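As stored in start.cif (mmCIF, C-alpha atoms):
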```
data_query
#
loop_
_atom_site.label_atom_id
_atom_site.label_comp_id
_atom_site.auth_asym_id
_atom_site.auth_seq_id
_atom_site.Cartn_x
_atom_site.Cartn_y
_atom_site.Cartn_z
CA GLN A 1 37.68 93.17 113.56
CA LYS A 2 38.40 89.66 114.86
CA LEU A 3 36.73 88.17 111.79
CA CYS A 4 39.40 89.82 109.65
CA ASP A 5 42.36 88.71 111.78
CA PRO A 6 42.87 85.33 110.00
CA LEU A 7 42.23 86.83 106.53
CA VAL A 8 45.06 89.35 106.23
CA PHE A 9 47.48 87.35 104.04
CA THR A 10 45.99 88.64 100.81
CA ASP A 11 49.37 88.38 99.08
CA ILE A 12 48.66 84.64 98.97
CA MET A 13 45.29 85.32 97.35
CA ALA A 14 47.13 87.34 94.71
CA LYS A 15 48.90 84.11 93.74
CA ALA A 16 45.51 82.42 93.43
CA VAL A 17 44.36 85.19 91.09
CA GLN A 18 47.47 84.76 88.91
CA ALA A 19 47.41 80.94 88.90
CA ALA A 20 47.81 79.31 85.50
CA SER A 21 45.21 76.58 86.13
CA PRO A 22 42.08 75.99 88.25
CA GLU A 23 43.96 73.27 90.17
CA GLU A 24 46.80 75.62 91.08
CA ARG A 25 44.33 78.33 92.04
CA LEU A 26 42.47 76.07 94.47
CA ARG A 27 45.74 75.03 96.10
CA TRP A 28 46.55 78.69 96.75
CA VAL A 29 43.03 79.39 98.04
CA ALA A 30 43.36 76.61 100.61
CA THR A 31 46.83 77.86 101.55
CA TYR A 32 45.48 81.38 102.12
CA PHE A 33 43.01 80.22 104.75
CA VAL A 34 45.39 77.76 106.45
CA ALA A 35 48.01 80.50 106.78
CA GLY A 36 45.61 82.55 108.88
CA TYR A 37 44.34 79.91 111.31
CA HIS A 38 46.89 80.78 114.00
CA ARG A 39 45.71 84.41 114.01
CA ALA A 40 42.26 83.43 115.28
CA PHE A 41 43.77 83.31 118.78
CA LEU A 42 45.65 86.60 118.81
CA THR A 43 43.22 87.99 121.40
CA TRP A 44 40.75 85.51 122.88
CA SER A 45 40.83 86.31 126.59
CA LYS A 46 37.45 88.08 126.62
CA PRO A 47 34.07 87.61 124.88
CA PHE A 48 33.26 89.54 121.73
CA ASN A 49 29.66 90.55 121.06
CA PRO A 50 29.27 93.34 118.48
CA ILE A 51 26.08 95.40 118.63
CA LEU A 52 23.56 95.42 115.79
CA GLY A 53 24.68 97.69 112.98
CA GLU A 54 28.31 97.92 114.10
CA THR A 55 30.71 98.11 111.15
CA TRP A 56 34.44 97.81 110.62
CA ASN A 57 36.50 98.16 107.45
CA ALA A 58 40.16 98.15 106.55
CA SER A 59 42.55 98.60 103.65
CA LEU A 60 45.22 95.91 103.32
CA PRO A 61 48.77 96.54 102.01
CA ASP A 62 48.12 95.05 98.56
CA GLY A 63 45.05 97.24 97.99
CA SER A 64 42.43 94.72 99.09
CA ARG A 65 39.50 96.13 101.06
CA ALA A 66 37.71 94.40 103.95
CA TYR A 67 34.18 95.27 105.12
CA MET A 68 32.46 93.79 108.18
CA GLU A 69 28.98 94.46 109.60
CA GLN A 70 26.92 92.99 112.44
CA ILE A 71 23.53 92.24 110.84
CA SER A 72 21.86 90.48 113.80
CA HIS A 73 22.32 90.82 117.55
CA HIS A 74 20.41 87.75 118.81
CA PRO A 75 21.48 85.40 117.39
CA PRO A 76 24.76 87.18 116.59
CA VAL A 77 25.38 87.18 112.83
CA SER A 78 28.27 88.98 111.12
CA ALA A 79 28.42 89.68 107.38
CA TYR A 80 31.76 90.26 105.72
CA GLN A 81 33.48 90.71 102.38
CA ILE A 82 37.00 91.19 101.09
CA ILE A 83 37.46 92.65 97.62
CA GLY A 84 40.81 92.15 95.91
CA PRO A 85 42.74 94.80 93.99
CA GLY A 86 40.97 95.69 90.75
CA LYS A 87 38.05 93.51 91.90
CA SER A 88 40.15 90.48 90.98
CA TYR A 89 38.25 88.41 93.56
CA HIS A 90 35.37 88.82 95.99
CA PHE A 91 35.28 86.82 99.21
CA TYR A 92 31.97 87.16 101.03
CA GLY A 93 29.76 85.42 103.54
CA HIS A 94 28.15 85.57 106.95
CA ALA A 95 28.97 83.89 110.23
CA GLN A 96 26.76 82.85 113.13
CA PRO A 97 28.91 81.31 115.86
CA GLY A 98 27.78 78.05 117.44
CA VAL A 99 29.17 76.93 120.79
CA GLN A 100 29.59 73.48 122.35
CA TYR A 101 30.37 73.50 126.07
CA LYS A 102 32.54 70.70 127.42
CA MET A 103 33.73 69.67 130.85
CA ASN A 104 37.04 71.48 130.50
CA GLY A 105 36.64 73.83 127.56
CA ILE A 106 34.51 75.11 124.70
CA THR A 107 34.37 74.56 120.94
CA THR A 108 33.04 77.21 118.58
CA TYR A 109 32.16 76.79 114.92
CA SER A 110 30.95 79.17 112.25
CA GLN A 111 27.51 78.54 110.77
CA GLY A 112 26.80 80.28 107.48
CA GLU A 113 27.61 80.41 103.79
CA ARG A 114 30.90 81.75 102.46
CA ALA A 115 32.35 81.83 98.96
CA ILE A 116 34.98 83.39 96.69
CA GLU A 117 34.17 84.64 93.20
CA PHE A 118 37.03 85.41 90.84
CA LYS A 119 36.94 87.85 87.97
CA ASP A 120 36.92 85.03 85.41
CA GLY A 121 33.74 83.56 86.93
CA THR A 122 35.29 80.84 89.09
CA HIS A 123 33.15 80.18 92.19
CA VAL A 124 34.72 78.55 95.26
CA ARG A 125 32.82 77.46 98.38
CA VAL A 126 34.72 77.69 101.66
CA THR A 127 34.28 75.99 105.04
CA PHE A 128 35.91 77.00 108.32
CA PRO A 129 37.41 74.77 111.02
CA GLU A 130 36.27 74.40 114.61
CA TYR A 131 37.99 76.58 117.20
CA ASN A 132 38.76 75.10 120.62
CA ILE A 133 39.75 76.58 123.96
CA ARG A 134 40.90 73.85 126.33
CA ASN A 135 41.80 73.49 130.02
CA LEU A 136 39.52 76.28 131.21
CA VAL A 137 38.81 74.81 134.65
CA SER A 138 41.82 72.55 135.27
CA SER A 139 45.23 73.37 136.63
CA SER A 140 46.82 72.81 133.21
CA THR A 141 47.76 75.77 131.04
CA THR A 142 44.84 77.02 128.96
CA ARG A 143 45.45 76.53 125.26
CA ALA A 144 43.65 76.99 121.96
CA ASP A 145 43.67 75.15 118.64
CA VAL A 146 41.65 74.42 115.52
CA SER A 147 40.21 71.04 114.52
CA GLY A 148 37.87 69.26 112.14
CA VAL A 149 37.71 68.92 108.36
CA VAL A 150 37.73 71.91 106.01
CA GLU A 151 36.79 71.87 102.34
CA PHE A 152 37.31 74.26 99.44
CA GLU A 153 35.14 73.40 96.45
CA ASP A 154 35.58 74.93 93.01
CA VAL A 155 32.08 74.32 91.72
CA THR A 156 32.93 75.88 88.35
CA HIS A 157 35.63 73.35 87.46
CA GLY A 158 34.60 70.35 89.56
CA LEU A 159 37.51 70.44 92.01
CA LEU A 160 37.67 69.88 95.76
CA VAL A 161 40.31 70.33 98.44
CA THR A 162 39.72 68.37 101.66
CA LEU A 163 42.02 68.97 104.63
CA ARG A 164 41.91 67.08 107.92
CA ILE A 165 43.25 69.03 110.86
CA GLY A 166 45.01 66.90 113.46
CA ALA A 167 45.67 63.97 111.12
CA VAL A 168 49.28 63.11 110.34
CA GLU A 169 49.71 62.35 106.64
CA GLY A 170 49.79 58.69 105.69
CA HIS A 171 48.04 57.45 108.83
CA LYS A 172 44.49 56.89 107.58
CA THR A 173 43.40 55.19 110.81
CA GLY A 174 43.86 58.43 112.72
CA LEU A 175 45.78 56.65 115.47
CA LEU A 176 48.71 59.02 114.99
CA SER A 177 47.71 62.66 115.32
CA ARG A 178 48.76 66.00 116.71
CA PRO A 179 46.54 69.09 117.06
CA ASP A 180 48.58 71.29 114.71
CA ALA A 181 48.99 68.77 111.85
CA ILE A 182 47.19 69.06 108.51
CA SER A 183 46.90 66.47 105.74
CA GLY A 184 44.65 66.08 102.74
CA GLY A 185 44.54 66.57 99.02
CA LEU A 186 43.10 68.09 95.88
CA TYR A 187 40.54 65.97 94.02
CA ARG A 188 38.54 66.08 90.82
CA THR A 189 34.90 65.37 91.48
CA SER A 190 33.15 62.37 89.97
CA GLY A 191 30.91 64.65 87.93
CA GLN A 192 33.89 65.94 85.92
CA PRO A 193 36.34 64.18 83.57
CA ALA A 194 38.90 62.46 85.79
CA GLN A 195 42.59 63.09 85.27
CA SER A 196 44.41 59.92 84.30
CA PRO A 197 46.41 58.49 87.24
CA ASN A 198 49.61 58.45 85.16
CA ARG A 199 49.32 62.23 84.83
CA LEU A 200 49.17 62.84 88.56
CA LYS A 201 52.04 64.77 90.08
CA LYS A 202 54.54 62.42 91.64
CA SER A 203 56.07 63.21 95.00
CA ALA A 204 57.94 61.33 97.68
CA SER A 205 54.75 61.15 99.75
CA MET A 206 52.98 59.36 96.87
CA LYS A 207 55.72 56.80 96.32
CA ASP A 208 54.39 54.71 99.15
CA ALA A 209 52.19 52.20 97.31
CA ALA A 210 49.70 51.67 100.14
CA HIS A 211 49.21 55.39 100.63
CA TYR A 212 48.81 55.88 96.88
CA ARG A 213 46.09 53.20 96.67
CA HIS A 214 44.36 54.80 99.62
CA LEU A 215 44.16 58.06 97.68
CA GLN A 216 42.73 56.56 94.50
CA LEU A 217 39.13 56.61 95.70
CA THR A 218 38.36 59.16 98.39
CA LYS A 219 34.90 60.22 99.50
CA SER A 220 34.06 63.83 100.22
CA LEU A 221 32.62 64.19 103.73
CA SER A 222 30.16 66.81 102.51
CA SER A 223 28.73 65.14 99.41
CA GLY A 224 29.59 61.44 99.66
CA ASN A 225 30.71 61.46 96.00
CA ILE A 226 33.84 59.64 94.90
CA HIS A 227 36.78 61.81 93.89
CA VAL A 228 40.02 61.15 92.02
CA PRO A 229 43.20 62.65 93.55
CA ILE A 230 45.28 65.22 91.73
CA SER A 231 47.81 66.17 94.41
CA VAL A 232 48.46 65.71 98.11
CA CYS A 233 48.97 68.19 100.92
CA GLN A 234 50.61 67.98 104.32
CA GLY A 235 51.84 70.48 106.85
CA ASN A 236 51.17 72.26 110.09
CA TRP A 237 48.91 75.27 110.59
CA LEU A 238 51.48 76.74 113.00
CA SER A 239 54.43 76.61 110.63
CA TYR A 240 54.14 75.47 106.98
CA LEU A 241 52.06 73.90 104.19
CA ASP A 242 53.33 71.72 101.32
CA TRP A 243 51.58 70.65 98.13
CA ASP A 244 53.27 67.71 96.39
CA GLU A 245 56.41 68.45 98.40
CA GLU A 246 56.52 72.05 97.15
CA ARG A 247 56.37 74.57 99.98
CA TYR A 248 53.50 77.02 99.48
CA TRP A 249 53.56 78.76 102.86
CA THR A 250 55.91 79.19 105.80
CA LEU A 251 54.88 81.12 108.91
CA ALA A 252 58.33 82.68 109.27
CA GLU A 253 57.96 84.29 105.83
CA THR A 254 54.45 85.78 106.21
#
```
How does the structure come out when it is put into structure tokens?
Amino acid sequence: QKLCDPLVFTDIMAKAVQAASPEERLRWVATYFVAGYHRAFLTWSKPFNPILGETWNASLPDGSRAYMEQISHHPPVSAYQIIGPGKSYHFYGHAQPGVQYKMNGITTYSQGERAIEFKDGTHVRVTFPEYNIRNLVSSSTTRADVSGVVEFEDVTHGLLVTLRIGAVEGHKTGLLSRPDAISGGLYRTSGQPAQSPNRLKKSASMKDAAHYRHLQLTKSLSSGNIHVPISVCQGNWLSYLDWDEERYWTLAET
């Protein structure tokens, strides 16, 4: 049930299904997952350890169906899938939580493969962020957040979204950060025909010459290949997400 908590905004996935281009679709896919990050901490005050064979399923307002099953007890592994209305998309995968214990908190991360397949054959690989619970043994208020780098790769069309959680857009050194910030972009991989720079979407965030040059050649953390930027993203996983200065998601409206 907790696995499904961050995945309930399937109305955003409907926009990905209806997108007019692969680039627009991948932007909406990334937005769908970012919009749900805050829901990972709805109830985190006790441990969750489903028993082998336990299942859970749900029907979402738009007609999407979610199915979850615990397929291993030790180590704990959960399999899941969400099927869109009319089988317009199929999100599936499995998760084995990993845990890093720290002096004053814990970090969990999801090991496992996960992907989305659309009805037209588009295949998108998805990564999840790290989840942190901080100040467990100090006098400070206990808090939770997400961190790390997440990627959404359209392997069918050679596209990649890379988002850095905690990085404030335009500050490539990482000296300026806040735990709820998100910045990144959509890139065409080096194995596909690159879009000419003069056809890139222009936005106020790309008018800064130094920032624009920084985006021209960006390396994917997962593959090490060089990618050419198509559009930029910045926002906050607790409130909003913008692509090329167009607002795709606002928490108050979900």
*Which residues, protein or nucleic acid, reach to within 8 Å of (41.6, 69.3, 96.0) in the file's coordinates when using all atoms listed in the file, and can you give that as a ChimeraX atom specification?*
/A:23,26-27,152-153,159-162,185-188,229-231
Written selection (C-alpha atoms) as a PDB file, keeping the file's coordinate frame:
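Contents of the output file again.pdb:
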```
ATOM      1  CA  GLU A  23      43.960  73.270  90.170  1.00  0.00           C
ATOM      2  CA  LEU A  26      42.470  76.070  94.470  1.00  0.00           C
ATOM      3  CA  ARG A  27      45.740  75.030  96.100  1.00  0.00           C
ATOM      4  CA  PHE A 152      37.310  74.260  99.440  1.00  0.00           C
ATOM      5  CA  GLU A 153      35.140  73.400  96.450  1.00  0.00           C
ATOM      6  CA  LEU A 159      37.510  70.440  92.010  1.00  0.00           C
ATOM      7  CA  LEU A 160      37.670  69.880  95.760  1.00  0.00           C
ATOM      8  CA  VAL A 161      40.310  70.330  98.440  1.00  0.00           C
ATOM      9  CA  THR A 162      39.720  68.370 101.660  1.00  0.00           C
ATOM     10  CA  GLY A 185      44.540  66.570  99.020  1.00  0.00           C
ATOM     11  CA  LEU A 186      43.100  68.090  95.880  1.00  0.00           C
ATOM     12  CA  TYR A 187      40.540  65.970  94.020  1.00  0.00           C
ATOM     13  CA  ARG A 188      38.540  66.080  90.820  1.00  0.00           C
ATOM     14  CA  PRO A 229      43.200  62.650  93.550  1.00  0.00           C
ATOM     15  CA  ILE A 230      45.280  65.220  91.730  1.00  0.00           C
ATOM     16  CA  SER A 231      47.810  66.170  94.410  1.00  0.00           C
TER      17      SER A 231
END
```
*asked:* So the first atom is CA of Ala40 (chain A) and the second is CA of Leu3 (chain A); what is the distance between them in Å, to one decimal place?
replied: 8.1 Å
*Can you turn the PyMOL selection byres ((chain A and resi 85) around 9) into a concrete residue list for this file, as a PyMOL selection string?*
chain A and resi 14+62-65+83-84+86-89
*Neighbours of Ile12 (chain A) within 7 Å (all atoms listed in the file; same-chain residues fewer than 4 positions away dropped), as a list of chain:residue names?*
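So the residues in contact are A:Ala16, A:Trp28, A:Tyr32.
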*Pick the closest to Leu251 (chain A) from A:Tyr67, A:Phe9, A:Tyr92, A:Phe41: which is it, counting all atoms listed in the file?*
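Using all atoms listed in the file, the shortest distance to Leu251 (chain A) belongs to A:Phe9.
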_Residue IDs satisfying the PyMOL selection byres ((chain A and resi 76) around 10), as a list in words_ = Asn49, Pro50, Ile51, Leu52, Gln70, Ile71, Ser72, His73, His74, Pro75, Val77, Ser78, Ala95, Gln96, Pro97 and Gly98 of chain A
_Long-range neighbours of Asp145 (chain A) as a list in words, 10 Å cut-off, only C-alpha atoms, 4 positions minimum in chain_ =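 Selected residues are Tyr37, His38, Ala40, Phe41, Thr107, Pro129, Glu130, Tyr131, Asn132, Ile133, Arg134, Ile165, Gly166, Pro179, Asp180, Trp237 and Leu238 of chain A.
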Keeping C-alpha atoms, export the residues of the selection given above as a PDB file, in the frame of the given file.
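Written file, again.pdb:
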```pdb
ATOM      1  CA  TYR A  37      44.340  79.910 111.310  1.00  0.00           C
ATOM      2  CA  HIS A  38      46.890  80.780 114.000  1.00  0.00           C
ATOM      3  CA  ALA A  40      42.260  83.430 115.280  1.00  0.00           C
ATOM      4  CA  PHE A  41      43.770  83.310 118.780  1.00  0.00           C
ATOM      5  CA  THR A 107      34.370  74.560 120.940  1.00  0.00           C
ATOM      6  CA  PRO A 129      37.410  74.770 111.020  1.00  0.00           C
ATOM      7  CA  GLU A 130      36.270  74.400 114.610  1.00  0.00           C
ATOM      8  CA  TYR A 131      37.990  76.580 117.200  1.00  0.00           C
ATOM      9  CA  ASN A 132      38.760  75.100 120.620  1.00  0.00           C
ATOM     10  CA  ILE A 133      39.750  76.580 123.960  1.00  0.00           C
ATOM     11  CA  ARG A 134      40.900  73.850 126.330  1.00  0.00           C
ATOM     12  CA  ILE A 165      43.250  69.030 110.860  1.00  0.00           C
ATOM     13  CA  GLY A 166      45.010  66.900 113.460  1.00  0.00           C
ATOM     14  CA  PRO A 179      46.540  69.090 117.060  1.00  0.00           C
ATOM     15  CA  ASP A 180      48.580  71.290 114.710  1.00  0.00           C
ATOM     16  CA  TRP A 237      48.910  75.270 110.590  1.00  0.00           C
ATOM     17  CA  LEU A 238      51.480  76.740 113.000  1.00  0.00           C
TER      18      LEU A 238
END
```
*Once the PyMOL selection byres ((chain A and resi 121) around 12) has been applied to the shown file, what residues remain in the selection, as a list in words?*
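With the PyMOL selection byres ((chain A and resi 121) around 12) on this model, the match is Val17, Pro22, Lys87, Ser88, Tyr89, His90, Ile116, Glu117, Phe118, Lys119, Asp120, Thr122, His123, Val124, Asp154, Val155, Thr156 and His157 of chain A.
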*Go ahead and compute the interatomic distance for CA of Ser138 (chain A) and CA of Lys102 (chain A), in Å to one decimal.*
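Straight-line distance from CA of Ser138 (chain A) to CA of Lys102 (chain A) works out to 12.3 Å.
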_Point (40.7, 89.8, 110.3), cut-off 12 Å, counting only C-alpha atoms, residues as JSON, numbers by chain_ = {"A": [1, 2, 3, 4, 5, 6, 7, 8, 9, 10, 33, 36, 37, 38, 39, 40, 41, 42, 43, 56, 57, 58, 59, 60, 65, 66, 67, 68, 80, 81, 82]}
*Please measure the separation of CA of Ala252 (chain A) and CA of Ile106 (chain A), giving the value in Å to one decimal.*
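We find that CA of Ala252 (chain A) and CA of Ile106 (chain A) lie 29.4 Å from each other.
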*Select, from A:Leu163, A:Leu241, A:Val29, A:Ala79, the residue with the minimum atom-to-atom distance to Gln111 (chain A), counting only C-alpha atoms.*
A:Ala79
